[in-house]
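Data file: target.cif. Format and content: mmCIF, C-alpha atoms.
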data_run
loop_
_atom_site.label_atom_id
_atom_site.label_comp_id
_atom_site.auth_asym_id
_atom_site.auth_seq_id
_atom_site.Cartn_x
_atom_site.Cartn_y
_atom_site.Cartn_z
CA MET O 28 -24.13 -107.74 95.64
CA LYS O 29 -23.49 -106.47 99.19
CA PHE O 30 -19.81 -105.91 98.55
CA ALA O 31 -20.53 -104.16 95.26
CA PHE O 32 -22.95 -101.83 97.06
CA ILE O 33 -20.33 -101.07 99.72
CA ASP O 34 -17.72 -100.36 97.05
CA THR O 35 -20.07 -97.90 95.38
CA GLU O 36 -21.12 -96.06 98.55
CA LYS O 37 -17.85 -95.96 100.51
CA ALA O 38 -17.09 -92.50 99.15
CA HIS O 39 -20.14 -91.20 101.04
CA MET O 40 -20.01 -93.26 104.26
CA SER O 41 -17.33 -94.89 106.37
CA LEU O 42 -16.39 -98.44 105.48
CA SER O 43 -17.07 -99.71 109.01
CA ARG O 44 -20.62 -98.34 109.04
CA LEU O 45 -21.37 -99.73 105.60
CA CYS O 46 -20.09 -103.19 106.54
CA ALA O 47 -22.08 -103.12 109.77
CA PHE O 48 -25.20 -102.06 107.87
CA ALA O 49 -24.72 -104.84 105.30
CA GLY O 50 -23.89 -107.44 107.95
CA VAL O 51 -20.44 -108.30 106.58
CA SER O 52 -16.92 -107.96 107.94
CA ILE O 53 -14.35 -105.43 106.79
CA SER O 54 -11.91 -108.27 106.13
CA GLY O 55 -14.56 -109.95 103.98
CA TYR O 56 -14.92 -106.75 101.95
CA TYR O 57 -11.15 -106.54 101.37
CA ALA O 58 -11.04 -110.21 100.38
CA TRP O 59 -13.78 -109.48 97.81
CA LYS O 60 -12.01 -106.33 96.67
CA HIS O 61 -8.73 -108.10 95.94
CA ARG O 62 -10.18 -111.31 94.56
CA LEU O 63 -9.01 -112.50 91.16
CA PRO O 64 -11.39 -111.73 88.29
CA SER O 65 -13.51 -114.61 87.05
CA ARG O 66 -13.03 -116.18 83.63
CA ARG O 67 -16.10 -114.33 82.36
CA GLN O 68 -14.82 -111.01 83.70
CA LEU O 69 -11.49 -111.57 81.98
CA ASP O 70 -13.32 -112.37 78.74
CA ASP O 71 -15.38 -109.20 79.14
CA MET O 72 -12.19 -107.17 79.46
CA ILE O 73 -10.76 -108.69 76.28
CA ILE O 74 -14.01 -108.20 74.34
CA LEU O 75 -14.33 -104.63 75.61
CA ALA O 76 -10.81 -103.81 74.38
CA HIS O 77 -11.79 -104.97 70.88
CA ILE O 78 -15.07 -103.07 71.10
CA ARG O 79 -13.30 -99.84 72.06
CA ASN O 80 -10.88 -100.24 69.15
CA GLN O 81 -13.61 -100.87 66.57
CA PHE O 82 -15.79 -98.12 68.05
CA ALA O 83 -12.96 -95.64 67.50
CA LEU O 84 -12.28 -96.95 63.97
CA SER O 85 -15.96 -96.50 63.12
CA CYS O 86 -15.78 -92.85 64.20
CA GLU O 87 -18.08 -93.76 67.11
CA THR O 88 -20.89 -94.68 64.72
CA TYR O 89 -21.32 -98.43 65.31
CA GLY O 90 -24.12 -99.60 67.57
CA SER O 91 -24.24 -103.10 69.04
CA PRO O 92 -25.65 -104.89 65.92
CA ARG O 93 -22.78 -103.73 63.66
CA MET O 94 -20.29 -104.20 66.48
CA HIS O 95 -21.46 -107.78 67.00
CA VAL O 96 -20.79 -108.60 63.34
CA GLU O 97 -17.39 -106.87 63.51
CA LEU O 98 -16.35 -108.92 66.55
CA ASN O 99 -17.42 -112.19 64.94
CA GLU O 100 -15.38 -111.42 61.81
CA GLU O 101 -12.38 -110.79 64.06
CA GLY O 102 -12.89 -114.22 65.61
CA ILE O 103 -14.07 -112.79 68.94
CA ARG O 104 -16.87 -114.89 70.41
CA ALA O 105 -19.48 -112.55 71.86
CA GLY O 106 -23.25 -112.73 71.63
CA ARG O 107 -25.39 -109.76 70.64
CA HIS O 108 -26.71 -109.27 74.18
CA ARG O 109 -23.22 -109.39 75.66
CA THR O 110 -21.93 -106.91 73.10
CA ALA O 111 -24.86 -104.58 73.81
CA ARG O 112 -24.32 -104.87 77.57
CA LEU O 113 -20.62 -104.06 77.42
CA MET O 114 -21.24 -101.06 75.19
CA ARG O 115 -24.06 -99.82 77.41
CA GLU O 116 -22.11 -100.25 80.65
CA ASN O 117 -19.14 -98.37 79.21
CA GLY O 118 -21.06 -95.51 77.64
CA LEU O 119 -20.25 -96.51 74.05
CA LYS O 120 -23.32 -95.18 72.26
CA ALA O 121 -23.51 -94.65 68.51
CA ARG O 122 -24.15 -91.10 67.41
CA GLN O 123 -27.73 -90.50 66.32
CA LYS O 124 -28.75 -89.21 62.91
CA MET O 125 -30.38 -85.81 62.57
CA ARG O 126 -32.68 -84.28 60.04
CA PHE O 127 -31.37 -81.85 57.43
CA LYS O 128 -32.89 -79.40 55.00
CA ARG O 129 -33.17 -80.10 51.31
CA THR O 130 -31.47 -78.04 48.60
CA THR O 131 -33.83 -78.78 45.71
CA ASP O 132 -34.68 -75.93 43.36
CA SER O 133 -37.58 -77.32 41.33
CA ASN O 134 -38.88 -73.93 40.16
CA HIS O 135 -37.46 -73.91 36.65
CA GLY O 136 -38.59 -74.22 33.06
CA GLU O 137 -36.51 -77.28 32.16
CA PRO O 138 -38.25 -80.55 31.19
CA VAL O 139 -38.92 -83.03 33.99
CA ALA O 140 -38.26 -86.73 33.36
CA PRO O 141 -40.86 -89.39 34.29
CA ASN O 142 -40.46 -91.32 37.53
CA LEU O 143 -39.06 -94.57 36.13
CA LEU O 144 -37.71 -95.69 39.49
CA ASP O 145 -41.06 -95.33 41.28
CA GLN O 146 -39.50 -96.15 44.68
CA ASP O 147 -38.26 -99.53 43.43
CA PHE O 148 -34.70 -99.49 44.77
CA THR O 149 -34.06 -103.19 44.20
CA CYS O 150 -31.28 -104.31 41.85
CA ASP O 151 -29.75 -107.71 41.10
CA GLY O 152 -26.40 -106.24 40.07
CA PRO O 153 -24.31 -103.06 40.02
CA ASP O 154 -24.80 -100.16 37.61
CA GLN O 155 -28.48 -100.80 36.98
CA LYS O 156 -29.83 -97.91 39.04
CA TRP O 157 -27.98 -94.84 40.26
CA GLY O 158 -29.31 -92.22 42.63
CA VAL O 159 -27.99 -88.64 42.71
CA ASP O 160 -28.56 -85.68 45.00
CA ILE O 161 -27.00 -82.50 46.42
CA SER O 162 -26.72 -81.34 50.02
CA TYR O 163 -24.81 -78.60 51.81
CA ILE O 164 -22.18 -78.29 54.54
CA TRP O 165 -21.37 -75.26 56.67
CA THR O 166 -17.79 -74.03 57.05
CA ALA O 167 -16.32 -70.86 58.55
CA GLU O 168 -15.83 -69.65 54.96
CA GLY O 169 -19.49 -70.23 54.07
CA TRP O 170 -21.54 -72.99 52.50
CA LEU O 171 -20.04 -75.94 50.65
CA TYR O 172 -22.28 -77.99 48.36
CA LEU O 173 -21.77 -81.73 47.96
CA ALA O 174 -23.12 -83.75 45.01
CA ILE O 175 -23.00 -87.54 45.13
CA VAL O 176 -23.79 -90.47 42.84
CA VAL O 177 -24.82 -93.68 44.61
CA ASP O 178 -25.15 -97.15 43.12
CA LEU O 179 -28.45 -98.36 44.59
CA TYR O 180 -27.28 -101.98 44.40
CA SER O 181 -24.49 -101.60 46.95
CA ARG O 182 -25.03 -98.10 48.42
CA ARG O 183 -21.54 -97.31 47.18
CA ILE O 184 -20.71 -93.67 46.48
CA ILE O 185 -19.23 -93.94 42.99
CA GLY O 186 -18.87 -90.24 42.24
CA TRP O 187 -18.85 -87.02 44.24
CA GLU O 188 -17.92 -83.37 43.91
CA ALA O 189 -17.92 -80.46 46.39
CA ARG O 190 -17.92 -76.76 45.46
CA ASP O 191 -18.88 -73.37 46.86
CA ARG O 192 -21.76 -72.91 44.41
CA MET O 193 -24.73 -75.14 43.70
CA LYS O 194 -24.61 -74.88 39.91
CA LYS O 195 -25.16 -77.49 37.21
CA ASP O 196 -21.38 -78.02 36.88
CA LEU O 197 -21.38 -79.46 40.40
CA ALA O 198 -23.78 -82.25 39.46
CA ILE O 199 -22.16 -82.76 36.06
CA CYS O 200 -18.69 -83.26 37.55
CA ALA O 201 -19.95 -85.86 40.05
CA LEU O 202 -21.71 -87.72 37.23
CA LYS O 203 -18.64 -87.68 34.98
CA LYS O 204 -16.52 -89.14 37.78
CA ALA O 205 -19.00 -91.97 38.28
CA ILE O 206 -19.08 -92.73 34.55
CA ALA O 207 -15.27 -92.74 34.34
CA ILE O 208 -15.04 -95.22 37.21
CA ARG O 209 -17.88 -97.59 36.29
CA TYR O 210 -18.35 -97.48 32.49
CA PRO O 211 -22.06 -98.37 32.80
CA LYS O 212 -23.88 -100.31 30.10
CA PRO O 213 -26.80 -98.74 28.19
CA GLY O 214 -30.16 -98.70 29.94
CA LEU O 215 -29.01 -97.64 33.41
CA ILE O 216 -31.70 -95.67 35.28
CA GLN O 217 -30.34 -92.50 36.87
CA HIS O 218 -32.76 -91.08 39.43
CA SER O 219 -32.76 -87.57 40.90
CA ASP O 220 -35.09 -85.00 42.36
CA ARG O 221 -36.51 -82.25 40.16
CA GLY O 222 -33.64 -79.85 40.78
CA SER O 223 -32.58 -77.52 37.99
CA GLN O 224 -29.05 -78.96 38.02
CA TYR O 225 -30.37 -82.39 36.98
CA ALA O 226 -32.95 -81.02 34.56
CA SER O 227 -30.47 -78.82 32.69
CA TYR O 228 -29.79 -79.43 29.00
CA GLU O 229 -26.08 -80.07 29.62
CA TYR O 230 -26.79 -82.72 32.25
CA ARG O 231 -29.42 -84.45 30.13
CA LYS O 232 -27.03 -84.43 27.18
CA ILE O 233 -24.46 -86.44 29.15
CA LEU O 234 -27.09 -88.97 30.20
CA LYS O 235 -28.23 -89.37 26.60
CA SER O 236 -24.68 -89.75 25.26
CA HIS O 237 -24.17 -92.72 27.61
CA SER O 238 -27.62 -94.23 26.94
CA MET O 239 -28.76 -93.61 30.51
CA LEU O 240 -32.46 -93.27 31.30
CA PRO O 241 -33.28 -90.17 33.36
CA SER O 242 -35.81 -90.58 36.16
CA MET O 243 -37.10 -87.88 38.51
CA SER O 244 -39.06 -87.91 41.75
CA GLY O 245 -42.72 -87.02 41.85
CA LYS O 246 -43.52 -83.46 42.82
CA GLY O 247 -43.18 -82.98 46.57
CA ASN O 248 -42.50 -86.69 47.23
CA CYS O 249 -39.45 -86.98 49.48
CA TYR O 250 -39.59 -90.79 49.51
CA ASP O 251 -38.78 -91.22 45.82
CA ASN O 252 -35.08 -90.55 46.43
CA ALA O 253 -35.02 -91.91 49.97
CA MET O 254 -31.97 -94.13 49.55
CA VAL O 255 -29.65 -91.29 48.54
CA GLU O 256 -31.06 -89.08 51.29
CA THR O 257 -30.22 -91.87 53.74
CA VAL O 258 -26.62 -91.83 52.50
CA PHE O 259 -26.48 -88.08 53.11
CA LYS O 260 -27.87 -88.52 56.62
CA THR O 261 -25.13 -91.06 57.29
CA ILE O 262 -22.41 -88.70 56.03
CA LYS O 263 -23.75 -85.83 58.10
CA SER O 264 -24.27 -87.75 61.34
CA GLU O 265 -20.95 -89.59 61.15
CA LEU O 266 -18.78 -86.76 59.84
CA ILE O 267 -20.26 -83.32 59.19
CA TRP O 268 -22.16 -82.69 62.42
CA ARG O 269 -19.16 -83.79 64.47
CA ALA O 270 -16.74 -81.28 62.96
CA ALA O 271 -16.29 -77.52 62.74
CA PHE O 272 -14.59 -76.91 59.41
CA GLN O 273 -12.58 -73.70 59.17
CA THR O 274 -12.24 -73.79 55.40
CA ARG O 275 -14.00 -75.44 52.49
CA ASN O 276 -10.77 -77.25 51.62
CA ASP O 277 -10.72 -78.75 55.13
CA ALA O 278 -14.24 -80.05 54.58
CA ILE O 279 -13.44 -81.43 51.11
CA LYS O 280 -10.40 -83.28 52.47
CA ALA O 281 -12.41 -84.77 55.33
CA ILE O 282 -15.21 -85.83 52.98
CA GLY O 283 -12.75 -87.57 50.67
CA GLU O 284 -11.11 -89.41 53.56
CA TYR O 285 -14.50 -90.47 54.91
CA ILE O 286 -15.92 -91.71 51.59
CA ASP O 287 -12.79 -93.40 50.23
CA GLY O 288 -11.29 -94.48 53.54
CA PHE O 289 -14.32 -95.51 55.57
CA TYR O 290 -17.79 -95.36 54.01
CA ASN O 291 -17.10 -97.33 50.82
CA PRO O 292 -14.49 -99.88 51.97
CA VAL O 293 -15.25 -100.31 55.69
CA ARG O 294 -18.66 -99.10 56.91
CA ARG O 295 -21.12 -101.94 57.45
CA HIS O 296 -24.69 -101.63 56.17
CA SER O 297 -27.49 -103.64 57.73
CA THR O 298 -29.25 -103.82 54.34
CA LEU O 299 -26.14 -105.44 52.84
CA GLY O 300 -25.92 -108.16 55.47
CA TYR O 301 -23.55 -105.96 57.48
CA LYS O 302 -21.04 -105.83 54.64
CA SER O 303 -19.37 -102.67 53.36
CA PRO O 304 -20.32 -101.50 49.83
CA VAL O 305 -16.93 -102.52 48.42
CA LYS O 306 -17.01 -105.93 50.09
CA PHE O 307 -20.63 -106.51 49.06
CA GLU O 308 -19.79 -105.87 45.41
CA ALA O 309 -16.64 -108.02 45.55
CA MET O 310 -18.45 -110.87 47.29
CA ASN O 311 -21.21 -110.95 44.69
CA ARG O 312 -18.71 -110.73 41.82
CA ASN O 313 -17.00 -113.82 43.25
CA LEU O 314 -20.33 -115.65 43.46
CA GLU O 315 -21.10 -114.80 39.84
CA THR O 316 -17.65 -116.02 38.75
CA GLU O 317 -18.11 -119.31 40.61
CA ALA O 318 -21.52 -119.79 39.00
CA LEU O 319 -19.93 -119.60 35.54
CA HIS O 320 -17.49 -122.45 36.27
#

Please lay out the structure from this file as structure tokens.
Amino acid sequence: MKFAFIDTEKAHMSLSRLCAFAGVSISGYYAWKHRLPSRRQLDDMIILAHIRNQFALSCETYGSPRMHVELNEEGIRAGRHRTARLMRENGLKARQKMRFKRTTDSNHGEPVAPNLLDQDFTCDGPDQKWGVDISYIWTAEGWLYLAIVVDLYSRRIIGWEARDRMKKDLAICALKKAIAIRYPKPGLIQHSDRGSQYASYEYRKILKSHSMLPSMSGKGNCYDNAMVETVFKTIKSELIWRAAFQTRNDAIKAIGEYIDGFYNPVRRHSTLGYKSPVKFEAMNRNLETEALH
């Protein structure tokens, strides 16, 4: 501890005075300074290198719990406390989420569906419950509106669309993409807020043609669609708020790369046992297949 103190303070005081004050010799300090690192220090250096790499790959979004899981899957032996210490000592802090304004326009004359979901986000398989919502992104060209469709089973974004206007076609296009990818069975509950885009005749017609059950949040209840709002907060904190997009096309490209290249296949979710949405779905498909044999 004495030598570490001297090493820290020698920029502000002469080495001889510091050693005299601490009651150690200058030669003793140099012997400490040039000593070989311990086995634990060497291990820390190796672990830290892996942490830095994964921290960069996660777009600086992983805190110590997710990082600990990532290291273990790489075969790196490091406890949670050790992982947290190394990240803290090296200033590797996950970016915090921020609040954002809603875009809901519920002042319309379209029919409002009952709240079938009723804040029950649990599912025992994919394509049983979907959540949809719209948020906005600022670019130098003006606002860009992003509509997403999320499978509540895996938190996977299964459809999305971004445009410069928040019209019904925005929500319809995102829904059509999700349907084309997943081919859901009849009876799926599709939950949204009371926005005019989701209450429109054209949107409801698509739901009906695929035997989907529309569900809408209660009036003024922000918790009814909380899971999709959480996904938006993740997108904004990990991508949007870190960038200054010059054009809408720049933003659309970045969103696509984030969703298809990181969020769905890579990003770990604590609610999924620190698995990514894609891996969570694949893992459970494998379990179902094994159960049949």

| task | Any chance you could resolve the PyMOL selection byres ((chain O and resi 275) around 9) against this file and give the residues as a list of chain:residue names? | result |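 Checking the PyMOL selection byres ((chain O and resi 275) around 9) against this file, the residues are O:Ile164, O:Trp165, O:Thr166, O:Ala167, O:Glu168, O:Gly169, O:Trp170, O:Leu171, O:Ala189, O:Arg190, O:Asp191, O:Phe272, O:Gln273, O:Thr274, O:Asn276, O:Asp277, O:Ala278, O:Ile279, O:Lys280.
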
| the PyMOL selection byres ((chain O and resi 292-298) around 12) applied to the shown file, residues as a PyMOL selection string | chain O and resi 81-82+84-97+100+148-149+179-185+254+257-258+261-262+265+284-291+299-309

| For O:Gly222, the nearest of the candidates O:Cys150, O:Leu197, O:Leu144, O:Val139, counting only C-alpha atoms | O:Val139

| Residues within 9 Å of stretch 42-46 of chain O, all atoms listed in the file, excluding chain neighbours under 3 positions, as a PyMOL selection string | chain O and resi 29-30+32-34+36-38+49-53+56

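Across the model, the gap from atom CA of O:Ala105 to atom CA of O:Arg66 is 13.9 Å.
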
| note | Counting all atoms listed in the file, the residue among O:Ala174, O:Ala226, O:Ala47, O:Ile282 that lies closest to O:Leu202 is O:Ala174

| message | To test your reading of the syntax: which residues would the PyMOL selection byres ((chain O and resi 221) around 7) return for the file shown? Reply as a count of residues only. | response | 10

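Of the listed residues (O:Lys204, O:Lys246, O:Arg122, O:Arg112), O:Lys246 comes nearest to O:Ala140; the distances count all atoms listed in the file.
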
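Between atom CA of O:Ile161 and atom CA of O:Cys200 there is a distance of 12.2 Å.
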